[in-house]
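Q: My structure is in structure-v3.txt, and what it holds is compact mmCIF, C-alpha atoms:
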# COMPACT_ATOMS: atom_id res chain seq x y z
CA MET Y 1 94.53 107.03 -29.69
CA PRO Y 2 93.79 110.68 -29.80
CA GLU Y 3 92.32 110.35 -33.26
CA GLU Y 4 89.80 107.67 -32.20
CA SER Y 5 86.36 108.82 -31.32
CA LEU Y 6 84.70 107.83 -28.10
CA ASP Y 7 82.36 105.49 -30.02
CA GLN Y 8 85.31 103.67 -31.51
CA ARG Y 9 87.07 103.24 -28.17
CA ILE Y 10 84.08 101.79 -26.26
CA THR Y 11 82.85 98.46 -27.42
CA LEU Y 12 79.74 97.12 -25.77
CA PRO Y 13 78.91 93.44 -25.58
CA PRO Y 14 76.34 92.28 -28.20
CA SER Y 15 73.59 91.89 -25.57
CA VAL Y 16 73.88 95.58 -24.69
CA GLN Y 17 74.21 97.00 -28.21
CA PRO Y 18 71.48 99.61 -28.96
CA GLU Y 19 68.90 98.67 -31.56
CA SER Y 20 68.86 100.59 -34.75
CA ALA Y 21 66.24 103.32 -35.03
CA GLY Y 22 64.87 101.94 -38.31
CA PRO Y 23 62.53 99.19 -37.10
CA ALA Y 24 61.19 101.16 -34.13
CA ARG Y 25 60.41 104.16 -36.32
CA GLY Y 26 58.77 101.96 -38.92
CA PHE Y 27 56.66 100.24 -36.27
CA ARG Y 28 55.42 103.55 -34.92
CA PHE Y 29 54.70 104.73 -38.43
CA ARG Y 30 52.64 101.62 -39.21
CA GLY Y 31 50.68 102.06 -35.96
CA ALA Y 32 49.94 105.68 -36.78
CA SER Y 33 48.89 104.69 -40.30
CA ALA Y 34 46.51 102.06 -38.94
CA SER Y 35 45.03 104.61 -36.52
CA TRP Y 36 44.49 107.14 -39.30
CA LEU Y 37 43.01 104.47 -41.53
CA ALA Y 38 40.56 103.37 -38.80
CA ALA Y 39 39.58 106.99 -38.09
CA GLY Y 40 39.05 107.59 -41.81
CA LEU Y 41 36.85 104.53 -42.11
CA VAL Y 42 34.72 105.61 -39.14
CA LEU Y 43 34.34 109.15 -40.49
CA GLY Y 44 33.60 107.87 -43.99
CA ALA Y 45 30.94 105.47 -42.69
CA GLY Y 46 29.37 108.29 -40.69
CA ALA Y 47 29.29 110.54 -43.75
CA VAL Y 48 27.67 107.82 -45.84
CA ALA Y 49 25.05 107.17 -43.13
CA LEU Y 50 24.27 110.88 -42.87
CA ALA Y 51 23.97 111.26 -46.64
CA TRP Y 52 21.72 108.19 -46.81
CA SER Y 53 19.41 109.48 -44.09
CA LEU Y 54 19.20 112.92 -45.69
CA SER Y 55 18.73 111.60 -49.22
CA GLY Y 56 15.12 110.58 -48.64
CA SER Y 57 12.83 113.54 -48.43
CA ALA Y 58 10.94 114.22 -45.21
CA ALA Y 59 7.77 113.25 -47.07
CA ALA Y 60 9.01 109.67 -47.48
CA ARG Y 61 9.51 109.01 -43.76
CA PRO Y 62 6.93 107.18 -41.65
CA PHE Y 63 4.80 109.28 -39.34
CA THR Y 64 2.41 108.75 -36.44
CA LEU Y 65 -1.24 109.28 -37.31
CA VAL Y 66 -2.90 110.94 -34.33
CA GLY Y 67 -6.43 112.04 -33.59
CA GLU Y 68 -9.49 110.99 -31.67
CA VAL Y 69 -12.73 109.07 -31.85
CA GLN Y 70 -15.77 110.62 -30.18
CA ILE Y 71 -19.08 108.95 -29.39
CA ALA Y 72 -22.18 110.25 -27.66
CA GLY Y 73 -22.10 110.00 -23.92
CA VAL Y 74 -24.15 111.26 -21.03
CA THR Y 75 -23.97 114.97 -20.20
CA GLY Y 76 -22.35 115.56 -16.84
CA SER Y 77 -20.47 112.26 -16.86
CA SER Y 78 -16.82 112.13 -15.94
CA GLY Y 79 -14.04 109.59 -15.71
CA SER Y 80 -13.31 106.74 -18.07
CA CYS Y 81 -15.84 105.45 -20.57
CA ALA Y 82 -16.49 102.84 -23.24
CA GLY Y 83 -18.98 102.45 -26.05
CA ASN Y 84 -22.22 100.50 -25.75
CA HIS Y 85 -24.98 99.28 -28.08
CA GLU Y 86 -23.88 99.95 -31.68
CA PHE Y 87 -20.57 101.28 -30.31
CA GLY Y 88 -19.96 98.30 -28.03
CA ASP Y 89 -16.72 97.50 -29.87
CA LEU Y 90 -15.20 100.83 -28.86
CA ASP Y 91 -13.04 100.54 -25.80
CA LYS Y 92 -9.35 100.74 -24.95
CA GLY Y 93 -7.48 98.43 -27.35
CA ALA Y 94 -10.10 98.43 -30.13
CA PRO Y 95 -8.36 97.98 -33.49
CA VAL Y 96 -7.48 100.92 -35.74
CA THR Y 97 -6.45 100.06 -39.31
CA VAL Y 98 -4.88 102.51 -41.77
CA PHE Y 99 -5.12 101.90 -45.53
CA ASP Y 100 -3.27 103.76 -48.30
CA ALA Y 101 -4.92 105.19 -51.44
CA ALA Y 102 -4.62 101.77 -53.15
CA GLY Y 103 -6.56 100.09 -50.32
CA ARG Y 104 -3.55 98.24 -48.83
CA VAL Y 105 -3.20 97.99 -45.05
CA VAL Y 106 -0.15 100.10 -44.20
CA ALA Y 107 -0.36 100.35 -40.39
CA THR Y 108 -2.39 99.17 -37.42
CA GLY Y 109 -2.89 100.46 -33.94
CA SER Y 110 -5.50 100.60 -31.23
CA LEU Y 111 -7.64 103.05 -29.30
CA GLY Y 112 -6.41 104.50 -26.04
CA ARG Y 113 -8.52 104.67 -22.86
CA GLY Y 114 -11.78 106.57 -23.33
CA ALA Y 115 -12.65 109.50 -21.08
CA TYR Y 116 -15.61 111.86 -20.94
CA ASP Y 117 -14.95 115.40 -22.11
CA SER Y 118 -16.70 118.52 -20.75
CA SER Y 119 -19.62 117.97 -23.18
CA GLY Y 120 -20.24 114.43 -21.95
CA ARG Y 121 -18.81 112.79 -25.08
CA CYS Y 122 -16.72 109.65 -24.71
CA VAL Y 123 -13.38 110.47 -26.37
CA PHE Y 124 -10.72 107.89 -27.31
CA PRO Y 125 -7.22 108.98 -28.33
CA VAL Y 126 -5.75 107.42 -31.49
CA ALA Y 127 -2.03 107.11 -32.23
CA VAL Y 128 -0.93 104.76 -35.02
CA ARG Y 129 2.85 104.66 -35.42
CA GLY Y 130 4.80 103.80 -38.56
CA VAL Y 131 2.36 105.04 -41.21
CA PRO Y 132 4.41 105.31 -44.42
CA ASP Y 133 4.15 108.73 -46.00
CA GLY Y 134 3.73 109.17 -49.72
CA SER Y 135 0.14 108.08 -50.30
CA THR Y 136 -2.17 110.80 -51.60
CA SER Y 137 -4.81 109.78 -49.07
CA TYR Y 138 -5.46 107.36 -46.23
CA THR Y 139 -8.51 105.57 -44.96
CA VAL Y 140 -8.88 104.88 -41.24
CA LYS Y 141 -11.16 102.15 -39.95
CA VAL Y 142 -11.94 101.85 -36.24
CA GLY Y 143 -13.49 98.60 -35.07
CA TRP Y 144 -16.38 97.57 -37.33
CA HIS Y 145 -17.45 101.16 -38.15
CA GLU Y 146 -17.46 102.90 -41.51
CA PRO Y 147 -13.98 103.96 -42.61
CA THR Y 148 -13.03 107.64 -42.77
CA LYS Y 149 -10.93 109.06 -45.59
CA LEU Y 150 -8.18 111.62 -44.90
CA THR Y 151 -5.86 113.53 -47.19
CA ASN Y 152 -2.12 113.03 -46.71
CA GLU Y 153 -1.90 116.43 -45.04
CA GLN Y 154 -4.76 115.67 -42.64
CA ALA Y 155 -3.22 112.33 -41.69
CA ARG Y 156 0.21 113.84 -41.00
CA THR Y 157 -1.07 116.84 -39.00
CA GLY Y 158 -3.34 115.13 -36.48
CA ALA Y 159 -6.65 116.08 -38.08
CA LEU Y 160 -8.26 112.65 -37.49
CA ALA Y 161 -11.57 113.24 -35.71
CA LEU Y 162 -14.12 110.45 -36.02
CA LEU Y 163 -17.52 111.51 -34.71
CA LEU Y 164 -19.65 108.41 -34.29
CA GLY Y 165 -23.31 108.81 -33.40
CA LEU Y 166 -22.87 112.57 -33.22
CA SER Y 167 -24.27 115.12 -35.62
Is it possible to give me this structure as structure tokens?
A:
Amino acid sequence: MPEESLDQRITLPPSVQPESAGPARGFRFRGASASWLAAGLVLGAGAVALAWSLSGSAAARPFTLVGEVQIAGVTGSSGSCAGNHEFGDLDKGAPVTVFDAAGRVVATGSLGRGAYDSSGRCVFPVAVRGVPDGSTSYTVKVGWHEPTKLTNEQARTGALALLLGLS
């Protein structure tokens, strides 16, 4: 018996026999492969989304057209205000419509709450979200009043200032 190895001398019952390393190693390998595959898919999707968002130029993204509408008020007045007479349609919530250079409606919004400024003018803030960029010019119509034309640059930089009834 001296030539027998310890492994040859000890025989374990079949229920206690160790499992071979092959299947366990293969299982771990498949799990690691699936993890790497999932991580790769997530990173790849993120890269595609980033490239897609950067592919459009900044000029093609929608913007918020901001500005104000001013109407004559009473000098020395303060607090909130609204239009009257020919400006009776001007109050908080009055419609603001934005048209592109082709005359299509591209966005709508409404006036904010009017307030008197230091000169006694009734001033309404305007903020129309989601105006698509790319038109050479825009036309803004507030209520039933004459529309005002703006260049693309004026529309994007907050240069809207409608002076109604003021010289």
Q: Can you list, as a PyMOL selection string, every protein, DNA or RNA residue that comes within 6 Å of Lys92 (chain Y) when you count all atoms listed in the file, leaving out same-chain residues fewer than 3 positions away?
A: chain Y and resi 111-113
Q: Would you save the residues from that selection as a short mmCIF file (atom, residue, chain, number, x, y, z; two decimals), in the coordinates of the input, using C-alpha atoms?
A:
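Saved the output as selection-v5.cif:
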data_model
loop_
_atom_site.label_atom_id
_atom_site.label_comp_id
_atom_site.auth_asym_id
_atom_site.auth_seq_id
_atom_site.Cartn_x
_atom_site.Cartn_y
_atom_site.Cartn_z
CA LEU Y 111 -7.64 103.05 -29.30
CA GLY Y 112 -6.41 104.50 -26.04
CA ARG Y 113 -8.52 104.67 -22.86
#
Q: CA of Thr157 (chain Y) and CA of Phe63 (chain Y), how far apart in Å?
A: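 So the two atoms, CA of Phe63 (chain Y) and CA of Thr157 (chain Y), lie 9.6 Å apart.
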Q: Could you list, as a PyMOL selection string, every residue within 9 Å of region 121-137 of chain Y, counting all atoms listed in the file and ignoring same-chain residues fewer than 2 positions away?
A: chain Y and resi 58-75+77+80-83+90-92+96-102+106-119+139+149-156+160
Q: Would you compute the distance between CA of Gly143 (chain Y) and CA of Asp89 (chain Y)? Give it in Å to one decimal.
A: 6.2 Å
Q: Could you write out as lines of an AutoDock Vina configuration file the box around region 68-77 of chain Y (axis-aligned, all atoms listed in the file, 5 Å on each side), with centre and edge lengths in Å to one decimal?
A:
center_x = -16.8
center_y = 112.3
center_z = -24.3
size_x = 24.7
size_y = 16.6
size_z = 25.0
